[in-house]
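Visitor: Provided below: structure03.cif, containing mmCIF, C-alpha atoms and all ligand atoms.
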data_query
loop_
_atom_site.label_atom_id
_atom_site.label_comp_id
_atom_site.auth_asym_id
_atom_site.auth_seq_id
_atom_site.Cartn_x
_atom_site.Cartn_y
_atom_site.Cartn_z
CA MET A 24 -1.14 16.94 14.24
CA SER A 25 -0.77 13.40 15.57
CA LEU A 26 2.65 12.30 16.78
CA THR A 27 1.58 8.76 17.58
CA PHE A 28 -0.12 7.76 14.37
CA SER A 29 1.26 7.74 10.83
CA ILE A 30 -2.26 7.70 9.45
CA GLN A 31 -5.43 8.83 11.20
CA THR A 32 -8.89 9.42 9.71
CA LYS A 33 -12.26 10.35 11.15
CA GLY A 34 -15.42 9.79 9.13
CA LEU A 35 -13.50 9.71 5.85
CA THR A 36 -16.01 9.47 3.02
CA LYS A 37 -15.98 9.50 -0.79
CA SER A 38 -19.12 9.59 -2.87
CA PHE A 39 -19.40 9.45 -6.65
CA GLY A 40 -22.79 11.03 -7.31
CA PRO A 41 -25.36 9.11 -5.26
CA PHE A 42 -22.97 6.16 -4.70
CA THR A 43 -20.82 6.11 -1.54
CA ALA A 44 -17.60 4.19 -2.25
CA VAL A 45 -15.93 4.91 1.13
CA ASP A 46 -18.36 5.40 3.97
CA ALA A 47 -17.21 7.27 7.11
CA ILE A 48 -14.13 5.22 7.91
CA ASP A 49 -12.06 5.78 11.07
CA VAL A 50 -8.53 4.47 10.67
CA GLU A 51 -5.51 4.71 12.97
CA VAL A 52 -2.20 3.30 11.80
CA GLY A 53 0.79 3.34 14.16
CA LYS A 54 4.34 4.22 13.15
CA GLY A 55 6.18 1.21 11.72
CA GLU A 56 3.01 -0.86 11.57
CA ILE A 57 2.17 -3.19 8.65
CA TYR A 58 -1.54 -2.43 8.20
CA GLY A 59 -3.53 -4.66 5.86
CA PHE A 60 -6.52 -3.08 4.15
CA LEU A 61 -8.69 -5.96 2.98
CA GLY A 62 -11.96 -6.41 1.17
CA ALA A 63 -13.72 -7.72 -1.92
CA ASN A 64 -13.50 -6.14 -5.39
CA GLY A 65 -15.18 -2.74 -5.22
CA ALA A 66 -15.05 -2.54 -1.40
CA GLY A 67 -13.42 0.91 -1.62
CA LYS A 68 -9.77 0.11 -0.83
CA THR A 69 -8.16 1.97 -3.74
CA THR A 70 -10.51 4.94 -3.33
CA ALA A 71 -9.58 5.25 0.36
CA MET A 72 -5.88 4.87 -0.39
CA ARG A 73 -5.99 7.57 -3.07
CA MET A 74 -7.58 9.99 -0.58
CA LEU A 75 -4.83 9.22 1.94
CA CYS A 76 -2.16 9.84 -0.70
CA GLY A 77 -3.66 13.23 -1.55
CA LEU A 78 -4.68 12.08 -5.04
CA LEU A 79 -8.44 12.27 -4.52
CA GLN A 80 -10.46 14.90 -2.67
CA PRO A 81 -12.62 13.41 0.12
CA SER A 82 -16.34 14.22 0.09
CA SER A 83 -16.34 14.57 3.88
CA GLY A 84 -14.42 13.62 6.99
CA THR A 85 -10.92 14.48 8.12
CA GLY A 86 -7.54 12.82 8.27
CA THR A 87 -3.80 13.18 8.66
CA VAL A 88 -0.96 11.32 6.98
CA ALA A 89 2.55 11.79 8.42
CA GLY A 90 0.95 14.47 10.58
CA PHE A 91 -0.33 16.51 7.61
CA ASP A 92 -3.92 17.28 6.73
CA ILE A 93 -5.23 15.23 3.80
CA LEU A 94 -7.48 18.11 2.71
CA ARG A 95 -5.06 21.03 2.88
CA GLU A 96 -1.49 19.70 2.94
CA THR A 97 -1.41 17.18 0.10
CA SER A 98 1.88 18.45 -1.38
CA LYS A 99 3.65 17.91 1.96
CA ILE A 100 2.13 14.44 2.20
CA ARG A 101 3.30 13.46 -1.29
CA THR A 102 6.99 14.07 -0.46
CA ARG A 103 6.77 11.87 2.64
CA ILE A 104 5.02 8.85 1.18
CA GLY A 105 5.71 6.19 -1.41
CA TYR A 106 2.78 4.94 -3.50
CA MET A 107 2.67 1.80 -5.58
CA SER A 108 -0.58 1.98 -7.49
CA GLN A 109 -2.75 -0.97 -8.45
CA LYS A 110 -2.00 -0.34 -12.13
CA PHE A 111 1.64 -0.60 -13.26
CA ALA A 112 2.78 3.01 -13.45
CA LEU A 113 6.31 2.76 -14.88
CA TYR A 114 7.55 3.04 -18.47
CA PRO A 115 7.91 -0.40 -20.12
CA ASP A 116 10.15 0.96 -22.89
CA LEU A 117 12.70 2.45 -20.49
CA THR A 118 15.39 0.45 -18.73
CA VAL A 119 15.14 -0.34 -15.03
CA LYS A 120 17.81 2.29 -14.30
CA GLU A 121 16.01 4.92 -16.41
CA ASN A 122 12.75 4.33 -14.53
CA LEU A 123 14.58 4.72 -11.21
CA SER A 124 16.30 7.91 -12.48
CA LEU A 125 12.93 9.40 -13.47
CA VAL A 126 11.56 8.74 -10.01
CA ALA A 127 14.66 10.27 -8.42
CA ASP A 128 13.94 13.44 -10.45
CA LEU A 129 10.27 13.36 -9.50
CA TYR A 130 11.06 13.25 -5.79
CA ALA A 131 13.85 15.84 -6.21
CA ILE A 132 16.48 13.58 -4.70
CA PRO A 133 19.61 15.80 -4.53
CA ARG A 134 21.87 15.29 -7.59
CA ALA A 135 24.81 14.19 -5.43
CA LEU A 136 22.73 11.39 -3.91
CA VAL A 137 20.93 10.07 -7.01
CA LYS A 138 23.50 7.40 -8.00
CA GLU A 139 23.76 6.07 -4.47
CA ARG A 140 19.99 6.05 -3.90
CA ILE A 141 19.32 4.22 -7.18
CA ALA A 142 21.93 1.59 -6.34
CA GLU A 143 20.57 1.23 -2.81
CA ALA A 144 16.91 0.96 -3.89
CA ALA A 145 17.82 -1.57 -6.61
CA GLU A 146 19.84 -3.65 -4.15
CA ARG A 147 17.10 -3.64 -1.51
CA SER A 148 14.64 -4.96 -4.11
CA GLY A 149 17.17 -7.47 -5.43
CA ILE A 150 17.18 -6.02 -8.95
CA GLN A 151 20.74 -4.62 -9.00
CA ASP A 152 21.73 -6.93 -11.88
CA LEU A 153 18.76 -5.81 -13.98
CA LEU A 154 19.53 -2.08 -14.20
CA PRO A 155 20.35 -2.11 -17.98
CA ARG A 156 17.36 -4.32 -18.90
CA ARG A 157 14.25 -3.00 -20.64
CA THR A 158 11.50 -2.89 -18.00
CA GLY A 159 8.74 -4.34 -20.20
CA GLU A 160 10.81 -7.49 -20.91
CA LEU A 161 11.07 -8.49 -17.26
CA PRO A 162 8.83 -11.11 -15.67
CA TRP A 163 5.90 -9.53 -13.82
CA GLY A 164 7.23 -10.30 -10.32
CA TRP A 165 10.46 -8.44 -11.15
CA GLN A 166 8.54 -5.48 -12.58
CA GLN A 167 6.67 -5.26 -9.27
CA ARG A 168 9.98 -5.31 -7.40
CA LEU A 169 11.08 -2.38 -9.56
CA SER A 170 7.85 -0.56 -8.66
CA MET A 171 8.69 -1.16 -5.00
CA ALA A 172 12.23 0.19 -5.53
CA CYS A 173 10.75 3.28 -7.22
CA ALA A 174 8.27 3.82 -4.38
CA THR A 175 11.01 3.67 -1.72
CA ALA A 176 14.04 5.36 -3.38
CA HIS A 177 13.31 8.67 -1.59
CA HIS A 178 13.05 6.95 1.84
CA PRO A 179 9.37 7.62 2.53
CA GLU A 180 7.96 7.53 6.07
CA ILE A 181 4.85 5.72 4.87
CA LEU A 182 4.51 3.26 2.01
CA PHE A 183 1.14 2.71 0.31
CA LEU A 184 1.01 -0.56 -1.64
CA ASP A 185 -2.16 -1.23 -3.62
CA GLU A 186 -2.26 -4.95 -4.45
CA PRO A 187 1.49 -5.18 -5.00
CA THR A 188 1.34 -8.95 -5.47
CA GLY A 189 -1.65 -9.15 -7.82
CA SER A 190 -0.94 -11.78 -10.52
CA VAL A 191 2.45 -12.55 -8.97
CA ASP A 192 3.48 -16.22 -8.59
CA PRO A 193 3.61 -17.75 -5.05
CA LEU A 194 7.42 -17.77 -4.77
CA SER A 195 7.73 -14.16 -5.93
CA ARG A 196 4.92 -13.20 -3.53
CA ARG A 197 6.92 -14.64 -0.65
CA VAL A 198 10.02 -12.68 -1.74
CA PHE A 199 7.94 -9.53 -2.09
CA TRP A 200 6.67 -9.87 1.48
CA ASP A 201 10.25 -10.27 2.68
CA LEU A 202 10.88 -6.85 1.06
CA ILE A 203 7.80 -5.37 2.75
CA ARG A 204 8.85 -6.68 6.17
CA ALA A 205 12.42 -5.43 5.72
CA GLU A 206 11.01 -2.00 4.87
CA ALA A 207 8.85 -2.05 8.02
CA GLU A 208 11.87 -3.09 10.11
CA ARG A 209 13.62 0.06 8.88
CA GLY A 210 10.75 1.99 10.52
CA THR A 211 8.55 2.61 7.46
CA THR A 212 4.80 2.39 8.04
CA ILE A 213 3.15 0.08 5.51
CA PHE A 214 -0.46 0.43 4.34
CA VAL A 215 -1.12 -2.49 2.01
CA THR A 216 -4.06 -4.03 0.18
CA THR A 217 -4.20 -7.64 -0.92
CA HIS A 218 -6.71 -10.27 -1.94
CA TYR A 219 -4.44 -13.05 -0.66
CA MET A 220 -5.44 -13.91 2.90
CA ASP A 221 -2.22 -15.90 3.49
CA GLU A 222 -0.41 -12.56 3.01
CA ALA A 223 -2.77 -10.79 5.40
CA GLU A 224 -1.34 -13.06 8.12
CA TYR A 225 1.95 -11.13 7.78
CA CYS A 226 0.22 -7.85 8.77
CA HIS A 227 0.44 -6.53 12.31
CA ARG A 228 -3.21 -5.51 12.01
CA ALA A 229 -5.84 -6.02 9.36
CA CYS A 230 -8.88 -3.90 8.55
CA PHE A 231 -11.79 -5.48 6.66
CA LEU A 232 -13.80 -3.18 4.43
CA VAL A 233 -17.28 -4.23 3.21
CA ASP A 234 -19.21 -1.97 0.83
CA GLY A 235 -17.12 1.05 1.87
CA LYS A 236 -17.59 0.52 5.62
CA ILE A 237 -15.16 -0.91 8.14
CA ALA A 238 -16.52 -4.30 9.21
CA ASP A 239 -13.73 -5.28 11.64
CA ILE A 240 -10.18 -4.41 12.66
CA GLY A 241 -7.65 -6.36 14.70
CA THR A 242 -4.46 -8.37 14.75
CA PRO A 243 -4.74 -11.62 12.77
CA HIS A 244 -4.90 -13.48 16.10
CA GLU A 245 -7.64 -11.20 17.52
CA LEU A 246 -9.73 -11.49 14.38
CA LYS A 247 -9.54 -15.28 14.25
CA THR A 248 -10.33 -15.56 17.97
CA ARG A 249 -13.25 -13.13 17.74
CA HIS A 250 -14.85 -15.01 14.85
CA GLN A 251 -13.86 -18.45 16.18
CA VAL A 252 -12.16 -19.53 12.97
CA SER A 253 -8.64 -20.67 12.12
CA THR A 254 -7.80 -18.62 9.00
CA LEU A 255 -8.16 -15.04 7.81
CA GLN A 256 -9.86 -16.44 4.73
CA GLU A 257 -12.71 -17.55 7.03
CA VAL A 258 -12.66 -14.19 8.82
CA PHE A 259 -13.06 -12.50 5.43
CA LEU A 260 -16.14 -14.59 4.59
CA THR A 261 -17.65 -14.21 8.07
CA VAL A 262 -17.30 -10.43 8.31
CA ALA A 263 -18.75 -10.02 4.80
CA GLN A 264 -21.81 -12.11 5.73
CA LEU A 265 -22.30 -10.36 9.09
CA ALA A 266 -21.95 -6.88 7.57
CA ARG A 267 -24.46 -7.58 4.82
CA ARG A 268 -26.99 -9.01 7.31
CA SER A 269 -26.89 -5.95 9.58
N1 LIG A 301 -14.09 7.70 -10.40
C1 LIG A 301 -15.12 6.90 -10.05
N2 LIG A 301 -16.39 7.18 -10.45
C2 LIG A 301 -17.42 6.38 -10.08
N3 LIG A 301 -17.29 5.27 -9.32
C3 LIG A 301 -16.05 4.95 -8.92
C4 LIG A 301 -14.91 5.74 -9.26
N4 LIG A 301 -13.80 5.16 -8.69
C5 LIG A 301 -14.26 4.07 -8.04
N5 LIG A 301 -15.57 3.94 -8.18
C6 LIG A 301 -16.42 2.89 -7.59
O1 LIG A 301 -16.18 2.84 -6.20
C7 LIG A 301 -16.20 1.49 -5.74
C8 LIG A 301 -14.93 1.21 -5.01
O2 LIG A 301 -13.88 1.10 -5.95
P1 LIG A 301 -12.38 0.80 -5.52
O3 LIG A 301 -11.58 0.80 -6.77
O4 LIG A 301 -11.99 1.74 -4.44
O5 LIG A 301 -12.51 -0.67 -4.91
P2 LIG A 301 -11.36 -1.68 -4.48
O6 LIG A 301 -11.73 -2.14 -3.09
O7 LIG A 301 -10.04 -1.06 -4.66
O8 LIG A 301 -11.58 -2.89 -5.49
P3 LIG A 301 -10.50 -3.90 -6.15
O9 LIG A 301 -10.24 -4.96 -5.11
O10 LIG A 301 -11.23 -4.46 -7.33
O11 LIG A 301 -9.27 -3.13 -6.52
C9 LIG A 301 -16.45 0.62 -6.96
O12 LIG A 301 -17.83 0.33 -7.03
C10 LIG A 301 -16.03 1.50 -8.12
O13 LIG A 301 -16.74 1.18 -9.30
MG MG A 302 -8.40 -1.52 -5.77
#
Can you present the structure in this file as structure tokens?

Guide:
Amino acid sequence: MSLTFSIQTKGLTKSFGPFTAVDAIDVEVGKGEIYGFLGANGAGKTTAMRMLCGLLQPSSGTGTVAGFDILRETSKIRTRIGYMSQKFALYPDLTVKENLSLVADLYAIPRALVKERIAEAAERSGIQDLLPRRTGELPWGWQQRLSMACATAHHPEILFLDEPTGSVDPLSRRVFWDLIRAEAERGTTIFVTTHYMDEAEYCHRACFLVDGKIADIGTPHELKTRHQVSTLQEVFLTVAQLARRS
């Protein structure tokens, strides 16, 4: 059990028949770190994240999340993490408050704490005035903020965010990243995927995945220096070209 790392994997692999979606990845994410997991469509980001969350059985390799084994201790992992999936997973016909109440039940938040935790999660995400509103009627950026509130209401140690700002407008994306950074400042480890390279700049470290393999890892500054470019967008293009050539 690792005390230093929130997430640690060795040779983590997932194959679907003859196709290897995640190919022997070694990942180490420190406590309180904002770790960006980047790559093109189909690179294997969601597949890797689902294995880390205990939602998908790895084909081979090992790993720990919050110190627990991703093969044998998935139920312990699930109580310690928050997961915002790539597809909207809440109920559009329920109100914001009802969605938060359902999640409180799911994570077995003690009855005496439920009201306080819902209010706190809603306030942190800036949706406290929307509690009576029907979820499906809200603009997309606000629905994503509700998803964030739902993923954090039980105070997880590690937060997995799979493209939380997909299809969100630029202003709402900025606000969303303020929420992510505030969560990290409270000590939560953040494992986040995004296709927006301006957002990747906010990460403490970024990991580029190409065709299921790790192509490079570093701080935004290290990556740009190593590849002699000025943006992570250029790093993205360079590592993809280099990986495919080798
Ligand atoms: N259940 C499955 N059965 C077969 N192939 C799968 C399955 N799940 C994922 N894949 C394949 O694995 C590859 C990686 O998919 P994954 O969804 O992890 O990529 P991603 O990096 O999250 O992409 P995106 O940026 O589009 O979300 C893709 O080629 C996908 O088609
Ligand atoms: Mg994905």

Visitor: Produce a table with one row for each residue of chain A that has an atom at most 10 Å from any atom of ligand LIG 301 (chain A), each row naming the nearest atom pair and its distance in Å at one decimal; use all atoms listed in the file; arrange rows by chain and rising residue number; format as a tab-separated table.

Guide:
residue	atom	partner	partner_atom	distance
A:Lys37	CA	A:LIG301	O1	8.6
A:Ser38	CA	A:LIG301	N3	8.0
A:Phe39	CA	A:LIG301	C2	5.0
A:Gly40	CA	A:LIG301	C2	7.6
A:Pro41	CA	A:LIG301	C2	9.7
A:Phe42	CA	A:LIG301	N3	7.4
A:Thr43	CA	A:LIG301	O1	7.3
A:Ala44	CA	A:LIG301	O1	4.4
A:Val45	CA	A:LIG301	C8	7.2
A:Phe60	CA	A:LIG301	O6	9.0
A:Leu61	CA	A:LIG301	O6	7.8
A:Gly62	CA	A:LIG301	O6	6.0
A:Ala63	CA	A:LIG301	O9	5.5
A:Asn64	CA	A:LIG301	O10	3.4
A:Gly65	CA	A:LIG301	O5	3.4
A:Ala66	CA	A:LIG301	O6	3.7
A:Gly67	CA	A:LIG301	O4	3.3
A:Lys68	CA	A:LIG301	O6	3.7
A:Thr69	CA	A:LIG301	O7	3.7
A:Thr70	CA	A:LIG301	O4	3.7
A:Ala71	CA	A:LIG301	O4	6.4
A:Met72	CA	A:LIG301	O4	8.0
A:Arg73	CA	A:LIG301	O4	8.5
A:Leu79	CA	A:LIG301	N1	9.3
A:Gln109	CA	A:LIG301	O11	7.1
A:Lys110	CA	A:LIG301	O11	9.6
A:Asp185	CA	A:LIG301	O11	7.9
A:Glu186	CA	A:LIG301	O11	7.5
A:Gly189	CA	A:LIG301	O11	9.8
A:Thr216	CA	A:LIG301	O9	8.2
A:Thr217	CA	A:LIG301	O9	7.8
A:His218	CA	A:LIG301	O9	7.1
A:Leu232	CA	A:LIG301	O6	7.9
A:Val233	CA	A:LIG301	O6	8.7
A:Asp234	CA	A:LIG301	C8	7.9
A:Gly235	CA	A:LIG301	C8	7.2

Visitor: Please list, as a PyMOL selection string, the residues that have an atom at most 9 Å away from (-16.8, -11.4, 8.2) in the coordinates of this file, counting all atoms listed in the file.

Guide: chain A and resi 231+233+238-239+250+257-266

Visitor: Give the answer as one residue: which of A:Ala207, A:Ala127, A:Val88, A:Leu154 has the shortest atom-to-atom distance to Cys173 in chain A, using all atoms listed in the file?

Guide: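 The closest residue to Cys173 in chain A is A:Ala127.
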
Visitor: Could you give me, as JSON, numbers by chain, the residues that have an atom at most 8 Å away from the point (-12.0, 9.2, 2.8) in the coordinates of the file, using only C-alpha atoms?

Guide: {"A": [32, 34, 35, 36, 37, 45, 46, 47, 48, 70, 71, 74, 75, 81, 82, 83, 84, 85, 86]}

Visitor: So which one's closest to Thr102 in chain A, A:Cys226, A:Val126, A:Ile57, A:Ala135? Using all atoms listed in the file, please.

Guide: A:Val126

Visitor: If you measure from CA of Leu123 in chain A to CA of Glu146 in chain A, what distance in Å do you get, rounded to one decimal?

Guide: 12.1 Å
